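Okay, so here's the structure we're looking at.
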Amino acid sequence: MYSVLIVDDEPEIRLGLKLKVDWECLGLNVAGEAGNGAEAMEWLAQHPADVIITDMNMPVMNGVSFLEACYEQYPTLRLIVITGYEDFQYAKAAIRNQARNYLLKPVTQDELAETLGKIVQELDGLRNERDQQAMMQWRLSQYYKEMKEHFLVHLVKEEVERESLLRERAKWFQLDAWESRQVRFVTAGLIERHTMQQERSPDKLRLPFEMLCREAAENSNGLYHVFRDANYAGLMHFVTATEEGELGTFVQNLHHAVTEHLGYEPAIGTGQTVTGLRQWKDGYLSALLAWNLKGNDGSNVIQQHGAMETVLSEETTKVLQRYVARGDLVAFEQAVYKELSASIAASQARFVKLIFQLYLMLDTMAFTAGITLESSEQLWLRPEQVWGFDTAAKAQQFLNKLAVKIMAGPEKDSLDADHSMIQAAEQFIQDNYMYDLNLTMLAERFNYNSSYFSEMFKAKAGKTFIQYITDVRMAKAVQLLEETMLSLWDIAELTGFSNASYFSSKFKRMYGISPSDYRVRLKSPEKFDNQLPKK
C-alpha cells in the first residue's frame with residue numbers, strides 16, 4: 001500500500017476526495033490530511049508519504065509555495081494538483097515542480113481514479129526496479145555468499161526442514177531449479193603422504209587451494225556451486241548439474257590449475273548422480289567416499305564394482321548415533337560388528353565403503369561435541385589406513401576407539417563439560433539461527449534432558465534459550481537492514497523469524513521503533529527520508 005496525503009483548506013473537499021474512489025482497491029491508503037501547505041510540511045516531517053493531492057489556493061502557505069517546498073525537500077513525491085482556478089500561473093507552478101497531473105474542480109470519480117492508477121503503476125515499476133537492484137546487490141555481497149554456502153552445508157549435513165521451507169530457501173539462493181535436475185557432487189583435497197616432506201604439508205597449502213577452488217566455481221557462470229565443510233578443513237566440495245563430459249573437463253582443469261600453481265597434485269572424487277534436494281546428502285556422502293578411495297591401492301577395483309552408493313541405511317545410521325549419544329558402547333559394538341561382518345562377506349568394496357561411512361558418521365558427532373581427533377584418528381586425512389583393516393575385528397577396534405572418545409566427552413570435569421557443551425550450543429545457534437530451532441531439539445542434539453539443559457543454558461549464557469536466539473536473529477536482521485534494501489518479509493525469512501509481522505513487533509519492542517523507520521532514519525537522523533515508496 002502506498003501512503004497518500006490530502007491537502008486542502010476545506011474539510012468537505014478532503015472528505016469528498018476520500019469518498020470518491022476505492023483507495024484500497026487501487027493499492028493506496030489515505031494516511032493523513034492537512035489544511036494548508038505549512039501543516040502538510042509539518043506532517044511530512046513526521047510521516048512517510050508517496051502521493052500528495054493538493055489544492056492551490058490555501059491560507060498560510062499556498063499551493064505554489066507548498067509545491068516548491070515539496071520539490072526541494074521530497075523530490076520523489078508524486079504530486080497531483082486539484083484546483084478550481086483556471087489560472088495559467090498555477091498550471092506552470094504545478095508543471096515546474098513536477099506535479100503528475102493538474103485537475104480542475106469538480107473532479108470526477110473516473111478522472112481521479114485514472115490519475116491515481118497511473119501513479120500506482122509508476123510506483124510499482126520503481127519498487128520492482130528497486131527490489132531487483134537490491135536483490136542484485138544482495139547476491140553480490142559476501143554475506144549472501146556465506147549464507148548460500150551455509151545452506152549447502154546444512155542441506156547435506158543436517159535434517160532437512162519441511163518441503164515448503166526447503167524450497168523457499170532454495171529459491172533464495174537460486175537453487176530451486178535444481179530440485180528436478182540430476183546433480184553430482186565433487187570433493188577435492190590434498191592427501192597427506194608419509195613420504196612427503198614437511199614443508200610440503202597440505203596444511204600449509206589449504207588457503208591457496210581453497211582460493212583456487214572458489215575461483216574455478218566463480219568462473220563457471222553458476223554451473224558449479226562450491227562450499228567448505230568445517231568437519232573436513234582441507235577439502236572443498238562442488239555440486240553441479242552438468243553432463244558427465246563437461247564435468248570431466250572441469251575436474252581436469254581444476255586438477256591442472258592446482259598442480260600448476262601449488263606444485264602439488266590433488267585427489268578429486270566424483271559422487272553418484274542424485275535427484276531431488278533431499279537426496280543431496282547421499283550424493284555428498286558418495287563424493288566423500290570417492291575422494292577417500294581416490295589414489296589408493298585397489299580403489300579402481302572398488303569403483304569399478306559399482307557406483308559410489310552409500311552402504312549404511314539412514315535408519316541404521318540414526319540407531320548407531322543414538323547408541324553413541326547415550327553412551328551404550330556394548331550395543332554400538334554389537335551393531336557395528338554385525339554390519340562390518342555382513343559387508344566383508346559381501347565384497348571388499350562394500351566393506352571399505354562401510355568403514356568410511358561409519359567413520360564419517362563418528363567424525364561428524366565428534367565435531368558437534370567439540371572433540372578433536374588425533375591425526376592418526378582422522379581417516380579422511382590418511383585414507384590409506386583403511387587398507388590395513390582386513391578383518392571386521394580390526395575395523396571395529398578403530399571405530400570403537402572413536403566412539404569411546406565421543407562418549408567420554410571433551411572434558412573429564414562435569415562442570416567444564418557442561419560449559420564446553422553450552423559453548424558448542426551457542427556456536428550451533430550462531431551457525432543455524434535462520435532455521436527452525438527449539439530447545440528440545442538442541443537438548444537432544446547434545447544428549448541432555450530438556451529441563452536441565454534449559455536451566456544450564458540460562459546459567460551459563462546469562463539468558464534463556466529464547467532470549468539468546470532472538471538476540472542472535474535480531475543482530476543479523478539489523479545488519480541486513482543497514483547493509484541491504486531487502487524487504488521486511490525477506491529479512492524475516494533470512495533470519496529465522498516466522499513472518500514479517502512478528503519480526504516487526506519484536507523489533508519495535510526491542511528498539512522502540514519499527515524496522516522501516518529504523519532503516520529510514522539511518523539515511524536521515526534528523527527526519528524521515530521519504531525518497532523510497534513504501535509497501
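Labeling convention for the C-alpha cells: chains A, B, ... as they appear, residues from 1 per chain, ligands from 1 in order of appearance.
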
(request) Determine, counting only C-alpha atoms, which protein, DNA and RNA residues have an atom within 6 Å of an atom of range 229-241 of chain A; residues of the same chain fewer than 2 positions away are not included. Present the result as a count of residues only. (result) 14

Excluding range 351-368 of chain A and any residue of its chain fewer than 3 positions from it, enumerate the residues within 6 Å of it, using only C-alpha atoms, and give them as an mmCIF file with N, CA, C and O atoms, in the first residue's frame.
```cif
data_model
loop_
_atom_site.group_PDB
_atom_site.id
_atom_site.type_symbol
_atom_site.label_atom_id
_atom_site.label_comp_id
_atom_site.auth_asym_id
_atom_site.auth_seq_id
_atom_site.Cartn_x
_atom_site.Cartn_y
_atom_site.Cartn_z
ATOM 1 N N VAL A 311 26.456 -47.404 1.852
ATOM 2 C CA VAL A 311 26.195 -48.783 2.263
ATOM 3 C C VAL A 311 25.253 -48.819 3.460
ATOM 4 O O VAL A 311 24.353 -49.642 3.535
ATOM 5 N N SER A 343 29.185 -56.900 5.498
ATOM 6 C CA SER A 343 29.781 -56.206 4.355
ATOM 7 C C SER A 343 31.009 -56.921 3.827
ATOM 8 O O SER A 343 31.189 -57.068 2.617
ATOM 9 N N ILE A 344 31.876 -57.377 4.728
ATOM 10 C CA ILE A 344 33.105 -58.045 4.256
ATOM 11 C C ILE A 344 32.781 -59.389 3.616
ATOM 12 O O ILE A 344 33.484 -59.854 2.714
ATOM 13 N N GLN A 348 34.808 -56.873 -0.806
ATOM 14 C CA GLN A 348 35.801 -55.949 -0.254
ATOM 15 C C GLN A 348 35.373 -54.505 -0.504
ATOM 16 O O GLN A 348 35.582 -53.629 0.343
ATOM 17 N N ILE A 371 34.952 -32.270 20.114
ATOM 18 C CA ILE A 371 36.046 -33.203 20.400
ATOM 19 C C ILE A 371 37.007 -33.224 19.221
ATOM 20 O O ILE A 371 36.601 -33.436 18.074
ATOM 21 N N ILE A 406 34.143 -40.123 21.940
ATOM 22 C CA ILE A 406 32.968 -39.255 21.865
ATOM 23 C C ILE A 406 32.108 -39.404 23.115
ATOM 24 O O ILE A 406 31.615 -38.421 23.677
#
```

Taking 4 positions as the minimum chain separation for residues in the same chain, which residues sit within 10 Å of Leu175 in chain A when counting only C-alpha atoms? Answer as a PDB file with N, CA and C atoms, in the first residue's frame.
```
ATOM      1  N   LYS A 148      24.643 -18.652   1.469  1.00  0.00           N
ATOM      2  CA  LYS A 148      24.398 -19.674   0.457  1.00  0.00           C
ATOM      3  C   LYS A 148      25.249 -20.904   0.729  1.00  0.00           C
ATOM      4  N   LEU A 152      24.055 -24.803   1.720  1.00  0.00           N
ATOM      5  CA  LEU A 152      24.518 -26.029   1.070  1.00  0.00           C
ATOM      6  C   LEU A 152      25.030 -27.038   2.106  1.00  0.00           C
ATOM      7  N   ARG A 167      12.099 -25.422  -0.150  1.00  0.00           N
ATOM      8  CA  ARG A 167      12.026 -24.854  -1.488  1.00  0.00           C
ATOM      9  C   ARG A 167      12.160 -23.331  -1.461  1.00  0.00           C
ATOM     10  N   GLU A 168      11.587 -22.711  -0.431  1.00  0.00           N
ATOM     11  CA  GLU A 168      11.707 -21.260  -0.304  1.00  0.00           C
ATOM     12  C   GLU A 168      13.165 -20.856  -0.147  1.00  0.00           C
ATOM     13  N   ARG A 169      13.880 -21.574   0.694  1.00  0.00           N
ATOM     14  CA  ARG A 169      15.295 -21.242   0.913  1.00  0.00           C
ATOM     15  C   ARG A 169      16.116 -21.551  -0.333  1.00  0.00           C
ATOM     16  N   ALA A 170      15.785 -22.629  -1.020  1.00  0.00           N
ATOM     17  CA  ALA A 170      16.492 -22.955  -2.264  1.00  0.00           C
ATOM     18  C   ALA A 170      16.276 -21.855  -3.295  1.00  0.00           C
ATOM     19  N   LYS A 171      15.054 -21.316  -3.340  1.00  0.00           N
ATOM     20  CA  LYS A 171      14.747 -20.241  -4.272  1.00  0.00           C
ATOM     21  C   LYS A 171      15.570 -19.005  -3.967  1.00  0.00           C
ATOM     22  N   GLU A 179      16.038 -28.663  -8.121  1.00  0.00           N
ATOM     23  CA  GLU A 179      15.253 -29.690  -7.431  1.00  0.00           C
ATOM     24  C   GLU A 179      14.974 -30.885  -8.333  1.00  0.00           C
ATOM     25  N   HIS A 225      28.502 -24.882  -7.799  1.00  0.00           N
ATOM     26  CA  HIS A 225      28.421 -24.189  -6.514  1.00  0.00           C
ATOM     27  C   HIS A 225      29.435 -24.835  -5.584  1.00  0.00           C
ATOM     28  N   LEU A 277      16.480 -32.346  -3.825  1.00  0.00           N
ATOM     29  CA  LEU A 277      17.300 -31.739  -2.770  1.00  0.00           C
ATOM     30  C   LEU A 277      17.461 -32.644  -1.566  1.00  0.00           C
TER      31      LEU A 277
END
```

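Residues of range 182-302 of chain A carrying a DSSP assignment of strand (DSSP E), computed from the backbone, are Gln182, Val183, Arg184, Phe185, Val186, Thr187, Ala188, Gly189, Tyr224, His225, Val226, Phe227, Leu235, Met236, His237, Phe238, Val239, Thr240, Ala267, Ile268, Gly269, Thr270, Val274 and Thr275 of chain A.
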
List the neighbours of range 26-43 of chain A out to 8 Å using only C-alpha atoms; skip same-chain residues closer than 5 positions along the sequence, and give me the result as a short mmCIF file (atom, residue, chain, number, x, y, z; two decimals) with N, CA and C atoms, in the first residue's frame.
```cif
data_model
loop_
_atom_site.label_atom_id
_atom_site.label_comp_id
_atom_site.auth_asym_id
_atom_site.auth_seq_id
_atom_site.Cartn_x
_atom_site.Cartn_y
_atom_site.Cartn_z
N MET A 1 0.84 -1.20 0.00
CA MET A 1 0.00 0.00 0.00
C MET A 1 0.88 1.25 0.00
N TYR A 2 0.52 2.21 -0.81
CA TYR A 2 1.23 3.48 -0.85
C TYR A 2 0.44 4.52 -0.05
N SER A 3 1.16 5.41 0.63
CA SER A 3 0.54 6.41 1.51
C SER A 3 0.21 7.69 0.75
N VAL A 4 -0.98 8.24 1.04
CA VAL A 4 -1.46 9.46 0.38
C VAL A 4 -1.73 10.52 1.43
N LEU A 5 -1.32 11.76 1.14
CA LEU A 5 -1.65 12.92 1.97
C LEU A 5 -2.54 13.86 1.16
N ILE A 6 -3.71 14.21 1.72
CA ILE A 6 -4.63 15.13 1.05
C ILE A 6 -4.50 16.51 1.71
N VAL A 7 -4.24 17.55 0.89
CA VAL A 7 -4.04 18.91 1.40
C VAL A 7 -5.08 19.84 0.78
N ASP A 8 -5.96 20.37 1.62
CA ASP A 8 -6.99 21.31 1.16
C ASP A 8 -7.53 22.03 2.38
N ASP A 9 -7.82 23.32 2.24
CA ASP A 9 -8.28 24.08 3.40
C ASP A 9 -9.76 23.86 3.71
N GLU A 10 -10.48 23.15 2.84
CA GLU A 10 -11.89 22.88 3.08
C GLU A 10 -12.07 21.41 3.48
N PRO A 11 -12.52 21.16 4.73
CA PRO A 11 -12.71 19.78 5.20
C PRO A 11 -13.68 18.99 4.32
N ARG A 14 -11.86 17.61 1.36
CA ARG A 14 -11.00 16.47 1.74
C ARG A 14 -11.84 15.21 1.92
N LYS A 18 -11.84 11.62 -0.26
CA LYS A 18 -11.67 10.33 0.41
C LYS A 18 -12.78 9.35 0.02
N ALA A 49 5.28 9.45 3.06
CA ALA A 49 4.18 9.55 2.09
C ALA A 49 4.74 9.30 0.69
N MET A 58 -4.73 28.24 -0.85
CA MET A 58 -4.84 27.91 0.56
C MET A 58 -4.21 29.01 1.39
N PRO A 59 -4.66 29.20 2.64
CA PRO A 59 -4.06 30.21 3.53
C PRO A 59 -2.73 29.74 4.07
N VAL A 60 -2.03 30.66 4.75
CA VAL A 60 -0.74 30.39 5.44
C VAL A 60 0.36 30.07 4.44
N MET A 61 0.21 28.95 3.76
CA MET A 61 1.20 28.54 2.75
C MET A 61 0.42 28.02 1.56
N ASN A 62 0.39 28.79 0.47
CA ASN A 62 -0.44 28.39 -0.66
C ASN A 62 0.19 27.24 -1.45
N GLY A 63 -0.55 26.80 -2.47
CA GLY A 63 -0.13 25.65 -3.24
C GLY A 63 1.19 25.83 -3.95
N SER A 65 3.84 27.72 -3.10
CA SER A 65 4.94 27.61 -2.13
C SER A 65 5.09 26.17 -1.63
N PHE A 66 3.96 25.52 -1.44
CA PHE A 66 3.99 24.12 -0.97
C PHE A 66 4.64 23.21 -2.01
N CYS A 70 7.99 20.99 -1.51
CA CYS A 70 7.99 19.53 -1.73
C CYS A 70 9.05 19.13 -2.75
N LEU A 116 -4.79 8.39 -10.36
CA LEU A 116 -4.16 7.64 -9.27
C LEU A 116 -3.64 6.28 -9.76
N GLY A 117 -4.41 5.64 -10.66
CA GLY A 117 -3.99 4.34 -11.19
C GLY A 117 -2.66 4.43 -11.93
N VAL A 120 0.13 4.77 -9.38
CA VAL A 120 0.42 3.48 -8.74
C VAL A 120 1.27 2.61 -9.66
#
```

(message) If you run DSSP on the backbone here, which positions in range 256-479 of chain A get alpha helix (DSSP H)? Please write them as a PyMOL selection string.
(response) chain A and resi 256-262+280-293+299-305+314-325+329-346+348-368+392-408+414-432+439-445+450-461+465-479

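Closest approach to Met510 in chain A among A:Ala475, A:Ala492, A:Leu289, A:Ile82: A:Ala475, based on only C-alpha atoms.
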
(request) Could you tell me how far CA of Phe428 in chain A lies from CA of His154 in chain A, in Å and to one decimal? (result) 11.5 Å

(message) Need to verify the contact set: range 433-446 of chain A, 8 Å, only C-alpha atoms, exclusion of same-chain residues closer than 4 positions in sequence. Can you return it as a ChimeraX atom specification?
(response) /A:161,325,369,421,425,429,450,453-454,465,469,472-473,493-497

Keeping C-alpha atoms for every residue in the selection just given, could you write it to a file as a short mmCIF file (atom, residue, chain, number, x, y, z; two decimals), in the first residue's frame?
```cif
data_model
loop_
_atom_site.label_atom_id
_atom_site.label_comp_id
_atom_site.auth_asym_id
_atom_site.auth_seq_id
_atom_site.Cartn_x
_atom_site.Cartn_y
_atom_site.Cartn_z
CA GLU A 161 13.12 -29.00 7.09
CA ALA A 325 24.76 -40.33 22.25
CA ALA A 369 30.56 -32.35 20.55
CA MET A 421 28.67 -28.04 25.67
CA ALA A 425 25.29 -24.98 21.63
CA ILE A 429 22.75 -21.30 17.23
CA SER A 450 15.40 -30.59 28.11
CA PHE A 453 19.60 -28.12 29.50
CA SER A 454 17.28 -25.09 29.76
CA PHE A 465 17.40 -20.03 25.08
CA ILE A 469 18.30 -16.98 19.76
CA VAL A 472 21.22 -13.52 17.52
CA ARG A 473 18.48 -13.28 14.91
CA GLU A 493 12.72 -15.20 6.32
CA LEU A 494 16.51 -15.00 6.17
CA THR A 495 16.90 -14.52 9.92
CA GLY A 496 14.55 -17.23 11.15
CA PHE A 497 11.53 -15.15 12.21
#
```

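You can rank A:Ile513, A:Val336, A:Val274, A:Ile491 by their closest distance to Lys394 in chain A using only C-alpha atoms, and at the top of that list sits A:Val336.
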
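For the pair CA of Thr76 in chain A and CA of Leu126 in chain A, the separation is 10.7 Å.
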
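Of the residues listed (A:Tyr452, A:Trp172, A:Trp280, A:Tyr337), A:Tyr337 shows the shortest atom-to-atom separation from Ala395 in chain A; distances use only C-alpha atoms.
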
(request) Identify, on the basis of only C-alpha atoms, every residue whose closest approach to Asn101 in chain A does not exceed 8 Å; exclude the query and any residue fewer than 5 positions from it along the same chain; express the result as a PyMOL selection string. (result) chain A and resi 79-81+94+115

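Distances from A:Leu207, A:Val21, A:Leu522, A:Ile268 to Glu483 in chain A were compared using only C-alpha atoms, and the smallest one belongs to A:Leu522.
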